[in-house]
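Data file: target.csv. Format and content: CSV, C-alpha atoms and all ligand atoms.
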```csv
chain,number,residue,atom,x,y,z
I,21,MET,CA,31.2,-5.4,-14.9
I,22,ALA,CA,33.1,-7.4,-12.2
I,23,PRO,CA,31.2,-10.4,-10.7
I,24,ASP,CA,31.6,-8.7,-7.3
I,25,THR,CA,29.7,-5.7,-8.5
I,26,LEU,CA,26.9,-7.9,-9.9
I,27,THR,CA,26.4,-9.7,-6.6
I,28,THR,CA,26.1,-6.5,-4.5
I,29,CYS,CA,22.6,-5.8,-5.9
I,30,SER,CA,20.2,-6.5,-3.1
I,31,SER,CA,17.4,-8.8,-4.3
I,32,PRO,CA,14.0,-7.1,-4.7
I,33,LYS,CA,12.4,-10.6,-5.0
I,34,ASP,CA,12.9,-11.5,-1.4
I,35,PRO,CA,10.0,-9.8,0.6
I,36,LEU,CA,12.0,-10.3,3.8
I,37,ALA,CA,15.1,-8.5,2.5
I,38,THR,CA,16.0,-5.2,4.1
I,39,PRO,CA,15.0,-2.2,2.1
I,40,ARG,CA,17.2,-1.7,-1.0
I,41,LYS,CA,19.7,1.1,-0.8
I,42,LYS,CA,20.8,3.4,-3.7
I,43,ALA,CA,24.6,3.3,-4.3
I,44,PHE,CA,25.1,5.7,-7.2
I,45,CYS,CA,23.9,9.1,-8.2
I,46,PRO,CA,21.2,8.7,-10.9
I,47,PHE,CA,22.4,11.9,-12.7
I,48,CYS,CA,26.2,11.6,-12.8
I,49,GLY,CA,26.8,7.9,-11.8
I,50,GLY,CA,29.1,8.9,-9.0
I,51,SER,CA,29.2,7.1,-5.6
I,52,LEU,CA,26.8,8.4,-3.0
I,53,SER,CA,27.8,9.3,0.5
I,54,ARG,CA,25.5,10.5,3.4
I,55,ARG,CA,25.2,14.0,4.8
I,56,PHE,CA,22.9,15.7,7.3
I,57,VAL,CA,20.8,18.1,5.1
I,58,GLU,CA,17.6,19.9,6.0
I,59,GLY,CA,17.0,18.1,9.2
I,60,ARG,CA,17.7,14.5,7.9
I,61,ASP,CA,20.5,12.1,7.2
I,62,ARG,CA,20.4,11.9,3.4
I,63,LEU,CA,22.1,10.4,0.4
I,64,TYR,CA,24.5,12.9,-1.0
I,65,CYS,CA,26.4,13.2,-4.3
I,66,GLU,CA,29.7,15.0,-3.8
I,67,ALA,CA,30.2,15.4,-7.6
I,68,CYS,CA,26.8,17.1,-8.1
I,69,ALA,CA,27.1,18.8,-4.7
I,70,THR,CA,23.5,18.0,-4.0
I,71,PRO,CA,21.4,15.7,-1.8
I,72,LEU,CA,19.5,12.9,-3.4
I,73,TYR,CA,16.0,13.5,-2.0
I,74,GLU,CA,14.0,10.3,-1.5
I,75,ASN,CA,10.2,10.5,-1.4
I,76,PRO,CA,7.3,8.1,-1.2
I,77,VAL,CA,6.2,6.6,-4.6
I,78,PRO,CA,2.5,7.1,-5.4
I,79,ALA,CA,0.2,4.2,-6.3
I,80,SER,CA,-3.6,3.8,-6.7
I,81,CYS,CA,-5.9,0.9,-5.9
I,82,VAL,CA,-9.6,0.2,-6.2
I,83,VAL,CA,-12.4,-1.2,-4.1
I,84,VAL,CA,-14.7,-2.7,-6.7
I,85,VAL,CA,-18.0,-4.1,-5.6
I,86,ASP,CA,-20.8,-5.8,-7.5
I,87,ASN,CA,-24.5,-5.5,-7.0
I,88,GLU,CA,-24.4,-8.4,-4.5
I,89,GLU,CA,-22.0,-6.4,-2.3
I,90,ARG,CA,-19.1,-8.7,-3.2
I,91,LEU,CA,-15.5,-7.3,-3.4
I,92,LEU,CA,-13.1,-7.8,-6.3
I,93,LEU,CA,-9.7,-9.2,-5.3
I,94,ILE,CA,-6.7,-10.4,-7.2
I,95,LYS,CA,-4.2,-13.1,-6.2
I,96,ARG,CA,-0.7,-11.7,-6.4
I,97,ASN,CA,2.0,-13.4,-8.5
I,98,VAL,CA,4.7,-10.8,-8.0
I,99,PRO,CA,6.5,-9.8,-4.9
I,100,PRO,CA,5.9,-8.6,-2.3
I,101,LYS,CA,3.3,-11.1,-0.8
I,102,VAL,CA,3.1,-13.6,-3.7
I,103,GLY,CA,0.1,-15.8,-3.4
I,104,MET,CA,-1.9,-13.4,-1.2
I,105,TRP,CA,-5.1,-11.5,-2.2
I,106,CYS,CA,-5.2,-7.8,-2.5
I,107,LEU,CA,-7.1,-5.0,-4.2
I,108,PRO,CA,-6.3,-4.3,-7.9
I,109,GLY,CA,-3.9,-1.4,-8.2
I,110,GLY,CA,-0.4,-0.3,-8.9
I,111,PHE,CA,2.1,2.5,-9.4
I,112,MET,CA,1.3,5.7,-11.2
I,113,GLU,CA,3.1,6.3,-14.5
I,114,LEU,CA,4.6,9.8,-15.3
I,115,SER,CA,2.0,12.2,-16.5
I,116,GLU,CA,-0.9,10.0,-15.3
I,117,SER,CA,-3.5,11.2,-12.7
I,118,PRO,CA,-4.1,9.0,-9.7
I,119,GLU,CA,-7.6,8.2,-11.1
I,120,GLU,CA,-6.2,7.3,-14.5
I,121,ALA,CA,-3.7,4.9,-12.8
I,122,ALA,CA,-6.5,3.3,-10.8
I,123,VAL,CA,-8.7,2.7,-13.9
I,124,ARG,CA,-5.7,1.4,-15.9
I,125,GLU,CA,-4.6,-1.0,-13.2
I,126,LEU,CA,-8.1,-2.3,-12.8
I,127,ARG,CA,-8.2,-3.1,-16.5
I,128,GLU,CA,-4.7,-4.6,-16.7
I,129,GLU,CA,-5.0,-6.7,-13.5
I,130,ALA,CA,-8.6,-7.8,-13.6
I,131,GLY,CA,-10.0,-7.1,-17.1
I,132,ILE,CA,-12.6,-4.7,-15.7
I,133,ALA,CA,-13.5,-1.4,-17.2
I,134,GLY,CA,-14.6,0.8,-14.3
I,135,ARG,CA,-15.6,4.4,-13.4
I,136,ILE,CA,-14.4,6.0,-10.2
I,137,GLU,CA,-17.1,7.1,-7.8
I,138,THR,CA,-15.1,8.6,-4.9
I,139,LEU,CA,-11.9,8.6,-3.0
I,140,LEU,CA,-11.9,6.2,-0.1
I,141,GLY,CA,-8.7,7.5,1.5
I,142,VAL,CA,-5.0,8.2,1.3
I,143,THR,CA,-2.4,6.3,3.3
I,144,THR,CA,1.1,4.9,3.3
I,145,ASN,CA,2.7,1.4,3.3
I,146,PRO,CA,6.3,0.4,3.8
I,147,ASN,CA,7.9,-1.1,0.7
I,148,PRO,CA,11.3,-2.9,0.3
I,149,ASP,CA,12.1,-1.3,-3.0
I,150,TYR,CA,10.9,2.3,-2.5
I,151,GLY,CA,10.9,2.7,1.3
I,152,THR,CA,7.4,4.1,1.4
I,153,VAL,CA,4.5,3.9,-1.0
I,154,LEU,CA,1.7,6.6,-0.9
I,155,LEU,CA,-1.6,4.9,-1.7
I,156,MET,CA,-4.8,6.4,-3.0
I,157,GLY,CA,-7.9,4.1,-2.6
I,158,TYR,CA,-10.9,4.7,-4.9
I,159,LEU,CA,-14.4,3.2,-5.0
I,160,VAL,CA,-15.7,1.7,-8.2
I,161,ARG,CA,-19.3,0.5,-8.3
I,162,SER,CA,-20.0,1.2,-11.9
I,163,TRP,CA,-18.1,-1.2,-14.2
I,164,THR,CA,-18.4,-3.6,-17.1
I,165,GLY,CA,-16.7,-6.9,-17.9
I,166,SER,CA,-16.0,-10.0,-16.0
I,167,PRO,CA,-12.9,-10.6,-13.9
I,168,VAL,CA,-10.0,-12.1,-15.8
I,169,ALA,CA,-6.6,-12.3,-14.2
I,170,GLY,CA,-4.0,-10.2,-16.0
I,171,ASP,CA,-0.7,-8.5,-15.1
I,172,ASP,CA,0.6,-9.3,-11.7
I,173,ALA,CA,-2.3,-11.7,-10.9
I,174,ASP,CA,-3.0,-15.4,-10.9
I,175,GLU,CA,-6.7,-15.0,-10.2
I,176,ALA,CA,-9.3,-12.3,-10.1
I,177,ARG,CA,-12.7,-12.9,-8.5
I,178,PHE,CA,-15.4,-11.5,-6.2
I,179,PHE,CA,-15.6,-12.4,-2.5
I,180,PRO,CA,-18.5,-11.8,-0.1
I,181,LEU,CA,-17.6,-8.9,2.1
I,182,ASP,CA,-18.3,-11.0,5.2
I,183,ASP,CA,-16.0,-13.8,4.0
I,184,LEU,CA,-12.8,-12.2,2.7
I,185,PRO,CA,-9.5,-14.0,2.6
I,186,GLU,CA,-6.5,-12.5,4.3
I,187,ILE,CA,-5.6,-9.2,2.6
I,188,ALA,CA,-1.9,-8.7,1.8
I,189,PHE,CA,-1.6,-5.0,2.7
I,190,ARG,CA,-2.6,-2.9,5.7
I,191,SER,CA,-3.4,0.0,3.4
I,192,HIS,CA,-5.8,-2.1,1.4
I,193,ARG,CA,-7.6,-3.3,4.6
I,194,HIS,CA,-7.9,0.4,5.5
I,195,PHE,CA,-9.7,1.2,2.2
I,196,ILE,CA,-12.0,-1.8,2.6
I,197,ARG,CA,-12.9,-0.6,6.1
I,198,ASN,CA,-13.5,2.9,4.8
I,199,TYR,CA,-15.9,1.5,2.2
I,200,LEU,CA,-17.8,-0.5,4.9
I,201,LEU,CA,-18.2,2.7,6.9
I,202,ILE,CA,-19.6,4.8,4.0
I,203,ARG,CA,-21.8,2.2,2.3
I,204,SER,CA,-24.7,2.2,4.8
Z,1,ZN,ZN,25.8,13.2,-9.1
```
Turn the structure described in the file into structure tokens.
Ligand SMILES: [Zn+2]
Amino acid sequence: MAPDTLTTCSSPKDPLATPRKKAFCPFCGGSLSRRFVEGRDRLYCEACATPLYENPVPASCVVVVDNEERLLLIKRNVPPKVGMWCLPGGFMELSESPEEAAVRELREEAGIAGRIETLLGVTTNPNPDYGTVLLMGYLVRSWTGSPVAGDDADEARFFPLDDLPEIAFRSHRHFIRNYLLIRS
């Protein structure tokens, strides 16, 4: 691969970078152009004669509270928002349900085995790699274990709900607010 080709990959590590753009068809490897299709300007593969539809990527996260009404947060060590606190969560894998993804991410990122109680909401967040992330937020009040930082986290611990650090994502703040509304 020519050096020029290597340097054209936009860095996903820079949270201030403009959203990454797809350059090649994932099916045939041909160059992508743009075409107005079905009401939108879309990426288009001339060789496949088909638009490349781009859609939000689904992810799940969890509001985990203990019996002292404290909230579990993790300190991020991967972009975006390295060093900030957020809810445990992550992207769904293929063939996984949103609930399964939430429980798995909770175990991987915070070492907690939890049971989902209810859905707190569904919302979207902009993302430099995927354009838009579709987030499901779940409540977990029944769980076992003690917080241990795992994948994607430098720390995992409980904070009093009235003394939270700044939360990295608007969507996560939305789920925390929804929990505060339903808990009473
Ligand atoms: Zn193609």
Q: Write out as a list in words each polymer residue (protein, DNA or RNA) that has an atom no more than 9 Å from ligand ZN 1 (chain Z), with all atoms listed in the file counted.
A: Phe44, Cys45, Pro46, Phe47, Cys48, Gly49, Gly50, Ser51, Leu52, Tyr64, Cys65, Glu66, Ala67, Cys68, Ala69, Thr70, Pro71 and Leu72 of chain I
Q) With all atoms listed in the file as the basis for distance, which of I:Val123, I:Gly59, I:Val160, I:Lys101 is at the shortest distance from Ile187 of chain I? A)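 For Ile187 of chain I, the nearest of the given residues is I:Lys101.
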Q) What gap, in Å, lies between atom CA of His194 of chain I and atom CA of Arg40 of chain I? A) 26.0 Å
Q.
If we count all atoms listed in the file and set the cut-off at 9 Å, which residues sit around Phe189 of chain I, ignoring sequence neighbours fewer than 4 positions away in its own chain? Please answer as a list in words.
A.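 Listing them by chain and then by number gives Lys101, Trp105, Cys106, Leu107, Asn145, Arg193 and His194 of chain I.
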Q. Near segment 77-86 of chain I, counting only C-alpha atoms, which residues have an atom at most 8 Å away, once you skip same-chain residues fewer than 2 positions from it, shown as a ChimeraX atom specification?
A. /I:75,88-92,107-112,118-119,121-122,125-126,150,152-161,178,192,195-196,199
Q.
Which residues are close to Val98 of chain I, i.e. within 9 Å by all atoms listed in the file, leaving aside same-chain residues fewer than 3 positions away? Reply as a list in words.
A. Lys33, Lys101, Val102, Gly103, Asp172 and Ala173 of chain I
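What separates atom CA of Glu74 of chain I from atom CA of Glu120 of chain I is a distance of 24.2 Å.
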Q.
To one decimal place in Å, what is the distance between atom CA of Ala169 of chain I and atom CA of Ile94 of chain I?
A.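 Result for atom CA of Ala169 of chain I versus atom CA of Ile94 of chain I: 7.3 Å, one decimal.
Nearest to Phe56 of chain I of all the residues I:Asp183, I:Asn198, I:Gly131, I:Tyr73 is I:Tyr73, based on all atoms listed in the file.
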**Q.** Exercise: Asp174 of chain I partners within 7 Å, only C-alpha atoms, chain neighbours under 5 positions left out, as a ChimeraX atom specification
**A.** /I:95-97,169
Could you write segment 173-202 of chain I as an mmCIF file, in the frame of the given file, with N, CA and C atoms rebuilt where they are missing?
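This is the output file selection-v2.cif:
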```
data_model
loop_
_atom_site.group_PDB
_atom_site.id
_atom_site.type_symbol
_atom_site.label_atom_id
_atom_site.label_comp_id
_atom_site.auth_asym_id
_atom_site.auth_seq_id
_atom_site.Cartn_x
_atom_site.Cartn_y
_atom_site.Cartn_z
ATOM 1 N N ALA I 173 -1.264 -10.918 -11.619
ATOM 2 C CA ALA I 173 -2.300 -11.700 -10.900
ATOM 3 C C ALA I 173 -2.435 -13.083 -11.448
ATOM 4 N N ASP I 174 -2.670 -14.037 -10.524
ATOM 5 C CA ASP I 174 -3.000 -15.400 -10.900
ATOM 6 C C ASP I 174 -4.451 -15.656 -11.014
ATOM 7 N N GLU I 175 -5.227 -14.898 -10.225
ATOM 8 C CA GLU I 175 -6.700 -15.000 -10.200
ATOM 9 C C GLU I 175 -7.280 -13.686 -9.943
ATOM 10 N N ALA I 176 -8.506 -13.508 -10.410
ATOM 11 C CA ALA I 176 -9.300 -12.300 -10.100
ATOM 12 C C ALA I 176 -10.706 -12.733 -9.896
ATOM 13 N N ARG I 177 -11.257 -12.488 -8.703
ATOM 14 C CA ARG I 177 -12.700 -12.900 -8.500
ATOM 15 C C ARG I 177 -13.273 -12.082 -7.342
ATOM 16 N N PHE I 178 -14.604 -12.167 -7.273
ATOM 17 C CA PHE I 178 -15.400 -11.500 -6.200
ATOM 18 C C PHE I 178 -15.528 -12.363 -5.005
ATOM 19 N N PHE I 179 -15.421 -11.732 -3.829
ATOM 20 C CA PHE I 179 -15.600 -12.400 -2.500
ATOM 21 C C PHE I 179 -16.733 -11.699 -1.773
ATOM 22 N N PRO I 180 -17.576 -12.469 -1.043
ATOM 23 C CA PRO I 180 -18.500 -11.800 -0.100
ATOM 24 C C PRO I 180 -17.780 -10.967 0.880
ATOM 25 N N LEU I 181 -18.294 -9.789 1.159
ATOM 26 C CA LEU I 181 -17.600 -8.900 2.100
ATOM 27 C C LEU I 181 -17.456 -9.467 3.489
ATOM 28 N N ASP I 182 -18.375 -10.391 3.847
ATOM 29 C CA ASP I 182 -18.300 -11.000 5.200
ATOM 30 C C ASP I 182 -17.470 -12.280 5.188
ATOM 31 N N ASP I 183 -16.843 -12.587 4.057
ATOM 32 C CA ASP I 183 -16.000 -13.800 4.000
ATOM 33 C C ASP I 183 -14.816 -13.583 3.103
ATOM 34 N N LEU I 184 -14.021 -12.584 3.481
ATOM 35 C CA LEU I 184 -12.800 -12.200 2.700
ATOM 36 C C LEU I 184 -11.637 -13.079 3.109
ATOM 37 N N PRO I 185 -10.739 -13.408 2.161
ATOM 38 C CA PRO I 185 -9.500 -14.000 2.600
ATOM 39 C C PRO I 185 -8.585 -12.988 3.235
ATOM 40 N N GLU I 186 -7.442 -13.432 3.748
ATOM 41 C CA GLU I 186 -6.500 -12.500 4.300
ATOM 42 C C GLU I 186 -6.001 -11.525 3.263
ATOM 43 N N ILE I 187 -6.019 -10.232 3.559
ATOM 44 C CA ILE I 187 -5.600 -9.200 2.600
ATOM 45 C C ILE I 187 -4.144 -8.864 2.811
ATOM 46 N N ALA I 188 -3.381 -8.800 1.710
ATOM 47 C CA ALA I 188 -1.900 -8.700 1.800
ATOM 48 C C ALA I 188 -1.422 -7.416 2.487
ATOM 49 N N PHE I 189 -2.129 -6.296 2.296
ATOM 50 C CA PHE I 189 -1.600 -5.000 2.700
ATOM 51 C C PHE I 189 -2.493 -4.291 3.721
ATOM 52 N N ARG I 190 -1.865 -3.708 4.732
ATOM 53 C CA ARG I 190 -2.600 -2.900 5.700
ATOM 54 C C ARG I 190 -3.381 -1.792 5.064
ATOM 55 N N SER I 191 -2.733 -1.133 4.086
ATOM 56 C CA SER I 191 -3.400 0.000 3.400
ATOM 57 C C SER I 191 -4.651 -0.449 2.691
ATOM 58 N N HIS I 192 -4.621 -1.625 2.074
ATOM 59 C CA HIS I 192 -5.800 -2.100 1.400
ATOM 60 C C HIS I 192 -6.927 -2.436 2.359
ATOM 61 N N ARG I 193 -6.558 -3.002 3.517
ATOM 62 C CA ARG I 193 -7.600 -3.300 4.600
ATOM 63 C C ARG I 193 -8.195 -1.955 5.013
ATOM 64 N N HIS I 194 -7.386 -0.916 5.081
ATOM 65 C CA HIS I 194 -7.900 0.400 5.500
ATOM 66 C C HIS I 194 -8.933 0.921 4.497
ATOM 67 N N PHE I 195 -8.686 0.755 3.191
ATOM 68 C CA PHE I 195 -9.700 1.200 2.200
ATOM 69 C C PHE I 195 -10.941 0.392 2.244
ATOM 70 N N ILE I 196 -10.808 -0.912 2.473
ATOM 71 C CA ILE I 196 -12.000 -1.800 2.600
ATOM 72 C C ILE I 196 -12.835 -1.360 3.776
ATOM 73 N N ARG I 197 -12.171 -1.104 4.895
ATOM 74 C CA ARG I 197 -12.900 -0.600 6.100
ATOM 75 C C ARG I 197 -13.591 0.680 5.827
ATOM 76 N N ASN I 198 -12.912 1.595 5.143
ATOM 77 C CA ASN I 198 -13.500 2.900 4.800
ATOM 78 C C ASN I 198 -14.767 2.698 3.956
ATOM 79 N N TYR I 199 -14.708 1.762 3.017
ATOM 80 C CA TYR I 199 -15.900 1.500 2.200
ATOM 81 C C TYR I 199 -17.046 0.963 3.084
ATOM 82 N N LEU I 200 -16.738 0.041 3.999
ATOM 83 C CA LEU I 200 -17.800 -0.500 4.900
ATOM 84 C C LEU I 200 -18.429 0.583 5.713
ATOM 85 N N LEU I 201 -17.648 1.597 6.074
ATOM 86 C CA LEU I 201 -18.200 2.700 6.900
ATOM 87 C C LEU I 201 -19.117 3.591 6.077
ATOM 88 N N ILE I 202 -18.827 3.804 4.795
ATOM 89 C CA ILE I 202 -19.600 4.800 4.000
ATOM 90 C C ILE I 202 -20.811 4.099 3.300
#
```
